[in-house]
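To be precise, the following lines are query00.cif, and they hold mmCIF, C-alpha atoms.
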data_upload
loop_
_atom_site.label_atom_id
_atom_site.label_comp_id
_atom_site.auth_asym_id
_atom_site.auth_seq_id
_atom_site.Cartn_x
_atom_site.Cartn_y
_atom_site.Cartn_z
CA MET A 1 191.28 113.08 134.49
CA MET A 2 192.47 112.85 138.09
CA PHE A 3 193.75 109.26 137.80
CA ASP A 4 196.85 107.89 136.05
CA ASP A 5 195.24 104.69 134.78
CA TRP A 6 192.09 102.54 135.02
CA GLN A 7 193.43 100.62 137.99
CA ALA A 8 193.85 103.81 140.00
CA PHE A 9 190.37 104.89 138.93
CA ILE A 10 188.81 101.63 140.16
CA ALA A 11 190.82 101.69 143.39
CA MET A 12 189.87 105.31 144.23
CA GLY A 13 192.89 105.60 146.52
CA GLY A 14 191.66 102.73 148.69
CA HIS A 15 188.10 104.05 148.89
CA GLY A 16 186.92 102.16 145.80
CA LEU A 17 184.55 99.85 147.68
CA TYR A 18 182.63 102.77 149.22
CA VAL A 19 182.60 105.01 146.16
CA TRP A 20 181.45 102.26 143.81
CA MET A 21 178.81 100.99 146.24
CA ALA A 22 177.28 104.47 146.43
CA TYR A 23 177.38 105.05 142.68
CA SER A 24 176.05 101.63 141.73
CA ALA A 25 173.11 102.07 144.12
CA ALA A 26 172.35 105.44 142.51
CA VAL A 27 172.60 104.09 138.95
CA ALA A 28 170.50 101.02 139.79
CA LEU A 29 167.80 103.24 141.29
CA LEU A 30 167.85 105.57 138.26
CA ILE A 31 167.43 102.66 135.83
CA ALA A 32 164.74 101.01 137.96
CA ASN A 33 162.87 104.29 138.27
CA LEU A 34 162.82 105.17 134.57
CA SER A 35 162.05 101.64 133.37
CA GLY A 36 159.34 101.38 136.03
CA LEU A 37 157.66 104.50 134.67
CA ARG A 38 157.76 103.09 131.15
CA ALA A 39 156.41 99.69 132.25
CA GLU A 40 153.55 101.35 134.11
CA ARG A 41 152.57 103.31 131.02
CA ARG A 42 152.63 100.17 128.87
CA ARG A 43 150.50 98.32 131.41
CA ILE A 44 147.78 100.97 131.52
CA ARG A 45 147.74 101.23 127.73
CA ARG A 46 147.25 97.48 127.43
CA GLN A 47 144.47 97.56 130.02
CA LEU A 48 142.68 100.31 128.12
CA HIS A 49 142.93 98.40 124.85
CA ASP A 50 141.53 95.23 126.40
CA GLN A 51 138.74 97.20 127.98
CA LEU A 52 137.87 98.90 124.69
CA ARG A 53 137.96 95.63 122.80
CA SER A 54 135.67 93.83 125.24
CA ARG A 55 133.31 96.80 125.22
CA ALA A 56 133.27 96.81 121.41
CA GLU A 57 132.46 93.07 121.40
CA GLU A 58 129.66 93.56 123.89
CA GLY A 59 128.35 96.37 121.70
CA SER A 60 128.23 94.19 118.59
CA ASP A 61 126.47 91.39 120.53
CA ALA A 62 123.86 93.83 121.70
CA SER A 63 123.17 95.05 118.16
CA GLN A 64 122.48 91.46 117.03
CA ALA A 65 119.98 90.86 119.79
CA PRO A 66 116.37 90.91 118.60
CA MET B 1 146.16 132.93 129.19
CA THR B 2 145.86 134.65 132.56
CA LEU B 3 147.38 133.18 135.68
CA LYS B 4 143.92 132.33 137.00
CA GLU B 5 143.04 130.44 133.83
CA PHE B 6 146.33 128.57 133.97
CA TRP B 7 145.61 127.59 137.57
CA HIS B 8 142.17 126.27 136.64
CA ARG B 9 143.52 124.33 133.68
CA LEU B 10 146.27 122.81 135.80
CA GLY B 11 143.46 121.36 137.91
CA SER B 12 141.97 119.75 134.79
CA PRO B 13 143.36 116.25 134.16
CA LYS B 14 142.41 116.31 130.47
CA TRP B 15 144.25 119.56 129.77
CA PHE B 16 147.27 118.39 131.73
CA TYR B 17 147.38 115.08 129.88
CA GLN B 18 147.25 116.70 126.48
CA MET B 19 149.96 119.21 127.31
CA SER B 20 152.41 117.02 129.15
CA GLY B 21 153.47 114.29 126.69
CA ARG B 22 156.37 116.27 125.34
CA TRP B 23 157.35 117.64 128.80
CA GLN B 24 157.89 114.11 130.05
CA SER B 25 160.27 113.02 127.29
CA ILE B 26 162.29 116.23 127.53
CA LEU B 27 162.56 116.06 131.33
CA ALA B 28 163.56 112.39 131.39
CA ALA B 29 166.19 112.90 128.67
CA LEU B 30 167.59 115.95 130.47
CA ALA B 31 167.70 114.02 133.75
CA VAL B 32 169.70 111.15 132.26
CA LEU B 33 172.04 113.50 130.38
CA LEU B 34 172.78 115.69 133.40
CA ILE B 35 173.13 112.82 135.89
CA VAL B 36 175.45 110.78 133.65
CA ALA B 37 177.56 113.86 132.86
CA GLY B 38 177.69 114.92 136.52
CA MET B 39 178.65 111.44 137.67
CA ILE B 40 181.50 111.08 135.16
CA TRP B 41 182.70 114.59 135.98
CA GLY B 42 182.52 113.94 139.71
CA LEU B 43 184.15 110.50 139.53
CA ALA B 44 187.02 111.21 137.16
CA PHE B 45 187.60 114.94 136.79
CA ALA B 46 186.83 116.62 140.11
CA PRO B 47 189.90 116.89 142.37
CA PRO B 48 190.08 114.64 145.47
CA ASP B 49 189.40 116.24 148.85
CA TYR B 50 192.56 117.12 150.78
CA GLN B 51 191.28 115.33 153.92
CA GLN B 52 188.77 112.75 152.68
CA GLY B 53 190.57 111.73 149.50
CA ASN B 54 188.37 110.01 146.93
CA SER B 55 185.57 108.96 149.29
CA PHE B 56 184.43 112.57 149.00
CA ARG B 57 183.17 111.75 145.48
CA ILE B 58 180.14 110.13 147.14
CA ILE B 59 178.90 113.70 147.64
CA TYR B 60 177.80 113.75 143.98
CA VAL B 61 175.15 111.10 144.59
CA HIS B 62 174.48 111.67 148.30
CA VAL B 63 173.59 115.36 148.21
CA PRO B 64 171.23 115.21 145.18
CA ALA B 65 169.44 112.20 146.74
CA ALA B 66 169.07 114.01 150.07
CA ILE B 67 167.85 117.20 148.40
CA LEU B 68 165.25 115.23 146.46
CA ALA B 69 164.18 113.29 149.55
CA GLN B 70 163.26 116.60 151.20
CA SER B 71 161.93 118.34 148.08
CA VAL B 72 159.56 115.47 147.29
CA TYR B 73 158.24 115.66 150.85
CA LEU B 74 157.74 119.42 150.55
CA ALA B 75 155.84 118.81 147.30
CA LEU B 76 153.63 116.27 149.11
CA GLY B 77 153.00 118.84 151.85
CA ALA B 78 152.06 121.47 149.26
CA ALA B 79 149.77 118.97 147.53
CA GLY B 80 148.25 118.25 150.95
CA VAL B 81 147.39 121.94 151.41
CA LEU B 82 145.89 122.16 147.90
CA LEU B 83 143.81 119.05 148.58
CA LEU B 84 142.61 120.10 152.03
CA VAL B 85 141.78 123.69 151.08
CA TRP B 86 140.69 123.54 147.42
CA ARG B 87 139.97 119.80 146.89
CA MET B 88 142.17 119.97 143.79
CA LYS B 89 141.97 116.67 141.85
CA MET B 90 145.55 116.86 140.64
CA ALA B 91 146.82 117.39 144.18
CA GLN B 92 145.30 114.09 145.23
CA LEU B 93 147.05 112.35 142.34
CA VAL B 94 150.39 113.88 143.41
CA LEU B 95 149.80 112.77 146.98
CA GLU B 96 148.93 109.23 145.91
CA ASN B 97 151.70 108.68 143.41
CA LEU B 98 154.93 110.26 144.62
CA VAL B 99 155.33 108.60 148.01
CA GLY B 100 157.33 105.72 146.55
CA PHE B 101 159.73 107.98 144.67
CA GLY B 102 160.38 110.09 147.78
CA ALA B 103 160.91 107.02 149.93
CA TRP B 104 163.43 105.58 147.47
CA MET B 105 165.34 108.86 147.36
CA THR B 106 165.44 108.97 151.16
CA ALA B 107 166.68 105.39 151.24
CA LEU B 108 169.38 106.27 148.71
CA ALA B 109 170.43 109.30 150.77
CA LEU B 110 170.67 107.15 153.92
CA PHE B 111 172.54 104.37 152.12
CA THR B 112 175.08 106.62 150.41
CA GLY B 113 175.47 108.50 153.70
CA ALA B 114 176.31 105.28 155.53
CA VAL B 115 178.74 104.25 152.81
CA TRP B 116 180.38 107.67 153.03
CA GLY B 117 180.38 107.63 156.82
CA LYS B 118 182.35 104.39 157.11
CA PRO B 119 185.65 105.67 155.63
CA THR B 120 185.11 109.25 156.85
CA TRP B 121 183.68 108.97 160.38
CA GLY B 122 184.78 105.38 161.00
CA THR B 123 181.19 104.17 161.38
CA TRP B 124 178.26 103.33 159.11
CA TRP B 125 175.72 104.99 161.35
CA VAL B 126 175.38 107.37 164.30
CA PHE B 127 172.14 108.55 165.87
CA ASP B 128 172.71 112.28 165.59
CA GLY B 129 170.40 115.10 164.51
CA ARG B 130 170.85 114.82 160.75
CA THR B 131 170.73 111.04 160.41
CA THR B 132 167.87 110.58 162.89
CA SER B 133 165.69 113.28 161.31
CA THR B 134 166.35 111.79 157.85
CA LEU B 135 165.41 108.34 159.16
CA LEU B 136 162.22 109.94 160.50
CA LEU B 137 161.58 111.29 156.98
CA LEU B 138 161.76 107.73 155.63
CA PHE B 139 159.25 106.62 158.30
CA LEU B 140 156.95 109.52 157.33
CA TYR B 141 156.98 108.19 153.75
CA PHE B 142 156.21 104.69 155.07
CA GLY B 143 153.39 106.21 157.14
CA LEU B 144 151.87 107.89 154.07
CA TYR B 145 152.09 104.61 152.15
CA ALA B 146 150.47 102.61 154.95
CA LEU B 147 147.80 105.21 155.73
CA ARG B 148 146.56 105.28 152.15
CA ARG B 149 146.24 101.50 152.11
CA ALA B 150 144.59 101.37 155.51
CA ILE B 151 141.61 103.52 154.47
CA PRO B 152 139.51 101.98 151.69
CA ALA B 153 137.53 105.12 150.81
CA ARG B 154 139.70 107.09 148.42
CA GLU B 155 138.61 110.58 149.44
CA ALA B 156 138.94 109.92 153.15
CA ALA B 157 142.36 108.33 152.56
CA GLY B 158 143.37 111.39 150.55
CA ARG B 159 142.41 113.77 153.35
CA ALA B 160 144.16 111.69 156.01
CA CYS B 161 147.35 111.49 153.92
CA ALA B 162 147.14 115.22 153.19
CA LEU B 163 147.00 115.94 156.91
CA LEU B 164 149.95 113.67 157.68
CA ALA B 165 151.94 115.17 154.79
CA VAL B 166 151.28 118.73 155.99
CA VAL B 167 152.10 118.03 159.64
CA GLY B 168 155.23 116.10 158.66
CA VAL B 169 156.66 119.15 156.88
CA ILE B 170 157.80 120.25 160.37
CA ASN B 171 160.55 117.67 160.01
CA ILE B 172 162.08 119.39 156.96
CA PRO B 173 163.53 122.46 158.78
CA VAL B 174 164.66 120.08 161.51
CA ILE B 175 166.69 118.15 158.92
CA LYS B 176 168.03 121.37 157.43
CA TYR B 177 169.15 122.99 160.67
CA SER B 178 170.10 119.77 162.47
CA VAL B 179 173.77 120.29 161.60
CA GLU B 180 173.67 123.73 163.26
CA TRP B 181 171.45 122.98 166.27
CA TRP B 182 173.22 119.86 167.52
CA THR B 183 176.80 118.67 167.74
CA THR B 184 177.28 116.26 164.91
CA LEU B 185 179.76 114.42 162.75
CA HIS B 186 177.86 115.54 159.69
CA GLN B 187 179.36 118.39 157.69
CA GLY B 188 177.42 121.60 156.99
CA ALA B 189 175.51 122.47 153.83
CA THR B 190 177.50 122.64 150.58
CA PHE B 191 175.21 125.15 148.88
CA LYS B 192 173.80 128.15 150.74
CA LEU B 193 171.76 130.97 149.25
CA THR B 194 173.60 133.62 151.24
CA GLU B 195 177.25 132.71 150.78
CA ALA B 196 179.60 131.20 148.23
CA PRO B 197 180.39 127.47 148.62
CA ALA B 198 183.40 126.64 150.78
CA MET B 199 184.76 124.32 148.08
CA PRO B 200 186.31 125.40 144.77
CA ALA B 201 184.23 125.49 141.57
CA SER B 202 186.00 122.41 140.21
CA MET B 203 184.40 120.51 143.11
CA TRP B 204 180.93 122.05 143.32
CA ALA B 205 180.23 122.40 139.59
CA PRO B 206 179.60 118.65 139.02
CA LEU B 207 177.45 118.64 142.15
CA LEU B 208 175.34 121.44 140.72
CA VAL B 209 174.93 119.46 137.48
CA ASN B 210 173.75 116.42 139.43
CA VAL B 211 171.36 118.44 141.58
CA LEU B 212 169.81 119.92 138.42
CA GLY B 213 169.62 116.41 136.95
CA ALA B 214 167.93 115.18 140.13
CA TYR B 215 165.29 117.92 139.89
CA CYS B 216 164.67 116.98 136.24
CA LEU B 217 164.21 113.37 137.35
CA PHE B 218 161.76 114.53 140.02
CA ALA B 219 159.80 116.59 137.48
CA ALA B 220 159.80 113.70 134.98
CA ASN B 221 158.43 111.43 137.71
CA VAL B 222 155.70 113.91 138.63
CA VAL B 223 154.59 114.24 135.00
CA ALA B 224 154.81 110.50 134.23
CA LYS B 225 152.98 109.43 137.40
CA LEU B 226 150.26 112.02 136.86
CA ARG B 227 149.80 110.89 133.27
CA THR B 228 149.30 107.23 134.12
CA ALA B 229 147.12 108.13 137.10
CA ILE B 230 144.96 110.34 134.88
CA LEU B 231 144.46 107.56 132.33
CA ARG B 232 143.50 105.14 135.08
CA GLN B 233 141.14 107.58 136.77
CA GLU B 234 139.48 108.92 133.63
CA ARG B 235 139.33 105.67 131.68
CA GLY B 236 135.58 106.02 131.18
CA ALA B 237 135.91 109.49 129.65
CA ALA B 238 135.44 109.93 125.90
CA TRP B 239 138.81 111.61 125.37
CA VAL B 240 140.68 108.71 126.98
CA ARG B 241 138.87 106.21 124.74
CA GLU B 242 139.73 108.32 121.72
CA TRP B 243 143.35 108.40 122.84
CA ALA B 244 143.47 104.61 123.25
CA LEU B 245 141.97 104.09 119.79
CA ARG B 246 144.45 106.50 118.23
CA GLU B 247 147.36 104.77 119.96
CA SER B 248 146.20 101.33 118.80
CA THR B 249 146.10 102.35 115.15
CA ARG B 250 149.73 103.48 115.31
#

Can you give me the file's structure in the form of structure tokens?
Amino acid sequence: MMFDDWQAFIAMGGHGLYVWMAYSAAVALLIANLSGLRAERRRIRRQLHDQLRSRAEEGSDASQAP
Amino acid sequence: MTLKEFWHRLGSPKWFYQMSGRWQSILAALAVLLIVAGMIWGLAFAPPDYQQGNSFRIIYVHVPAAILAQSVYLALGAAGVLLLVWRMKMAQLVLENLVGFGAWMTALALFTGAVWGKPTWGTWWVFDGRTTSTLLLLFLYFGLYALRRAIPAREAAGRACALLAVVGVINIPVIKYSVEWWTTLHQGATFKLTEAPAMPASMWAPLLVNVLGAYCLFAANVVAKLRTAILRQERGAAWVREWALRESTR
């Protein structure tokens, strides 16, 4: 550890504002990226389910037709 | 499996989808692990720079972002060649789905660069070779995004984007050599293939960890984007319907 205490770590020798701005942007982007990928996958799975269900319902209607 | 067979299978969305589920989880986990470890190492355990002090720690997010910004573009250029020459289906999916990721990485590189420039150069921004060519890279990503949306026919849009991606690759060596060709405030490359880094291992080791993590993130994005794009594109195919049914019973 290069810093004596937490305060020194946060202050970064007077460069804290710049260092933490850069790192928080990077972390925010990482979280947004990975959760975005997951959300996209969920969305397409839901779409496929809905599509299959509506197709299955159409299929059963058709079989009842005379 | 011969190399030729592998190549053909890589062009098959179904084969890729079935193979890649595990790849994606491993790559994403590795990316998070490496990036978190590299960040903590770089923030708390790497020594401060003798001139720049602690602002130098921004290097551990700036350099990986800048490397990815350029690598993603190179990948788009390669996909462009594959699409133009061999009409490879998977290349079109790469071209359509990775523009956003590359643009965000470029934006992060520019932002962290500005934030590093303020305490180091005394200014957020200068129009010199490196910054201007990187800004141009961001505009190339915007161009690819806009071009795809401007052309309704998917195949024609794919070819136009492929052409723009391939031509734009010219900008990559310009970015790389900009710090040597023109007078600039920007420092030279940290890692070179031909010589040892100018900084001690205690400084470059966390950077290497973060660069590896960034490449894992890139790979995880490629795999994840291709997987969702494949499902969307092939949703009428029998194997996708089987997959959806299997998933719903879980």

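Applied to the file shown here, the PyMOL selection byres ((chain A) within 7 of (chain B)) selects Met1, Met2, Met12, Gly13, His15, Tyr18, Val19, Ala22, Tyr23, Ala26, Leu37, Arg41, Ile44, Leu48 and His49 of chain A.
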
Would you save the residues from that selection as a PDB file, in the coordinates of the input, using C-alpha atoms?
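Here's the written file part11.pdb:
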ATOM      1  CA  MET A   1     191.280 113.080 134.490  1.00  0.00           C
ATOM      2  CA  MET A   2     192.470 112.850 138.090  1.00  0.00           C
ATOM      3  CA  MET A  12     189.870 105.310 144.230  1.00  0.00           C
ATOM      4  CA  GLY A  13     192.890 105.600 146.520  1.00  0.00           C
ATOM      5  CA  HIS A  15     188.100 104.050 148.890  1.00  0.00           C
ATOM      6  CA  TYR A  18     182.630 102.770 149.220  1.00  0.00           C
ATOM      7  CA  VAL A  19     182.600 105.010 146.160  1.00  0.00           C
ATOM      8  CA  ALA A  22     177.280 104.470 146.430  1.00  0.00           C
ATOM      9  CA  TYR A  23     177.380 105.050 142.680  1.00  0.00           C
ATOM     10  CA  ALA A  26     172.350 105.440 142.510  1.00  0.00           C
ATOM     11  CA  LEU A  37     157.660 104.500 134.670  1.00  0.00           C
ATOM     12  CA  ARG A  41     152.570 103.310 131.020  1.00  0.00           C
ATOM     13  CA  ILE A  44     147.780 100.970 131.520  1.00  0.00           C
ATOM     14  CA  LEU A  48     142.680 100.310 128.120  1.00  0.00           C
ATOM     15  CA  HIS A  49     142.930  98.400 124.850  1.00  0.00           C
TER      16      HIS A  49
END

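In terms of minimum interatomic distance to Leu207 of chain B, B:Leu34 ranks closest within B:Tyr17, B:Leu34, B:Leu27, B:Leu84, counting all atoms listed in the file.
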
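In this model, the gap between atom CA of Val174 of chain B and atom CA of Thr123 of chain B comes to 22.9 Å.
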
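Here atom CA of Val81 of chain B stands at a distance of 20.0 Å from atom CA of Glu5 of chain B.
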
For atom CA of Val167 of chain B and atom CA of Leu74 of chain B, determine how far apart the two atoms are, in Å to one decimal place. 10.8 Å

Where does the PyMOL selection byres ((chain B and resi 103) around 8) land in this file, that is, which residues does it pick, as a ChimeraX atom specification? /B:69,99-102,104-107,138,141-142

Can you write out the residues you just picked, keeping C-alpha atoms, as a JSON list (two decimals), in the frame of the given file?
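To be explicit, this is the file written out as part.json:
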[["chain", "number", "residue", "atom", "x", "y", "z"],
["B", 69, "ALA", "CA", 164.18, 113.29, 149.55],
["B", 99, "VAL", "CA", 155.33, 108.60, 148.01],
["B", 100, "GLY", "CA", 157.33, 105.72, 146.55],
["B", 101, "PHE", "CA", 159.73, 107.98, 144.67],
["B", 102, "GLY", "CA", 160.38, 110.09, 147.78],
["B", 104, "TRP", "CA", 163.43, 105.58, 147.47],
["B", 105, "MET", "CA", 165.34, 108.86, 147.36],
["B", 106, "THR", "CA", 165.44, 108.97, 151.16],
["B", 107, "ALA", "CA", 166.68, 105.39, 151.24],
["B", 138, "LEU", "CA", 161.76, 107.73, 155.63],
["B", 141, "TYR", "CA", 156.98, 108.19, 153.75],
["B", 142, "PHE", "CA", 156.21, 104.69, 155.07]]

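Against the coordinates shown, the PyMOL selection byres ((chain B and resi 91-94) around 7) returns B:Leu76, B:Ala79, B:Gly80, B:Leu82, B:Leu83, B:Met88, B:Lys89, B:Met90, B:Leu95, B:Glu96, B:Asn97, B:Leu98, B:Gly158, B:Leu226, B:Ala229.
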
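Counting all atoms listed in the file and comparing B:Ile230, B:Leu110, B:Ala157, B:Ala189, the residue that lies closest to Thr131 of chain B is B:Leu110.
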
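You can rank B:Ala37, B:Val126, B:Ala162, B:Ala29 by their closest distance to Thr184 of chain B using all atoms listed in the file, and at the top of that list sits B:Val126.
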
Please return segment 130-144 of chain B, rebuilt to N, CA and C atoms, as a PDB file, in the coordinates of the input.
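The result, stored in selection38.pdb:
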ATOM      1  N   ARG B 130     171.092 114.930 162.174  1.00  0.00           N
ATOM      2  CA  ARG B 130     170.850 114.820 160.750  1.00  0.00           C
ATOM      3  C   ARG B 130     170.387 113.424 160.360  1.00  0.00           C
ATOM      4  N   THR B 131     171.083 112.398 160.822  1.00  0.00           N
ATOM      5  CA  THR B 131     170.730 111.040 160.410  1.00  0.00           C
ATOM      6  C   THR B 131     169.373 110.619 160.999  1.00  0.00           C
ATOM      7  N   THR B 132     169.130 110.995 162.255  1.00  0.00           N
ATOM      8  CA  THR B 132     167.870 110.580 162.890  1.00  0.00           C
ATOM      9  C   THR B 132     166.679 111.271 162.238  1.00  0.00           C
ATOM     10  N   SER B 133     166.820 112.578 161.932  1.00  0.00           N
ATOM     11  CA  SER B 133     165.690 113.280 161.310  1.00  0.00           C
ATOM     12  C   SER B 133     165.464 112.780 159.885  1.00  0.00           C
ATOM     13  N   THR B 134     166.534 112.345 159.204  1.00  0.00           N
ATOM     14  CA  THR B 134     166.350 111.790 157.850  1.00  0.00           C
ATOM     15  C   THR B 134     165.703 110.408 157.924  1.00  0.00           C
ATOM     16  N   LEU B 135     166.065 109.638 158.958  1.00  0.00           N
ATOM     17  CA  LEU B 135     165.410 108.340 159.160  1.00  0.00           C
ATOM     18  C   LEU B 135     163.921 108.561 159.434  1.00  0.00           C
ATOM     19  N   LEU B 136     163.612 109.601 160.220  1.00  0.00           N
ATOM     20  CA  LEU B 136     162.220 109.940 160.500  1.00  0.00           C
ATOM     21  C   LEU B 136     161.484 110.281 159.196  1.00  0.00           C
ATOM     22  N   LEU B 137     162.182 110.963 158.284  1.00  0.00           N
ATOM     23  CA  LEU B 137     161.580 111.290 156.980  1.00  0.00           C
ATOM     24  C   LEU B 137     161.181 110.010 156.248  1.00  0.00           C
ATOM     25  N   LEU B 138     162.074 109.003 156.283  1.00  0.00           N
ATOM     26  CA  LEU B 138     161.760 107.730 155.630  1.00  0.00           C
ATOM     27  C   LEU B 138     160.516 107.104 156.274  1.00  0.00           C
ATOM     28  N   PHE B 139     160.416 107.189 157.613  1.00  0.00           N
ATOM     29  CA  PHE B 139     159.250 106.620 158.300  1.00  0.00           C
ATOM     30  C   PHE B 139     157.983 107.415 157.974  1.00  0.00           C
ATOM     31  N   LEU B 140     158.124 108.732 157.748  1.00  0.00           N
ATOM     32  CA  LEU B 140     156.950 109.520 157.330  1.00  0.00           C
ATOM     33  C   LEU B 140     156.440 109.034 155.969  1.00  0.00           C
ATOM     34  N   TYR B 141     157.389 108.745 155.055  1.00  0.00           N
ATOM     35  CA  TYR B 141     156.980 108.190 153.750  1.00  0.00           C
ATOM     36  C   TYR B 141     156.279 106.844 153.947  1.00  0.00           C
ATOM     37  N   PHE B 142     156.852 105.980 154.796  1.00  0.00           N
ATOM     38  CA  PHE B 142     156.210 104.690 155.070  1.00  0.00           C
ATOM     39  C   PHE B 142     154.803 104.912 155.635  1.00  0.00           C
ATOM     40  N   GLY B 143     154.683 105.905 156.526  1.00  0.00           N
ATOM     41  CA  GLY B 143     153.390 106.210 157.140  1.00  0.00           C
ATOM     42  C   GLY B 143     152.360 106.615 156.090  1.00  0.00           C
ATOM     43  N   LEU B 144     152.786 107.460 155.128  1.00  0.00           N
ATOM     44  CA  LEU B 144     151.870 107.890 154.070  1.00  0.00           C
ATOM     45  C   LEU B 144     151.427 106.693 153.226  1.00  0.00           C
TER      46      LEU B 144
END
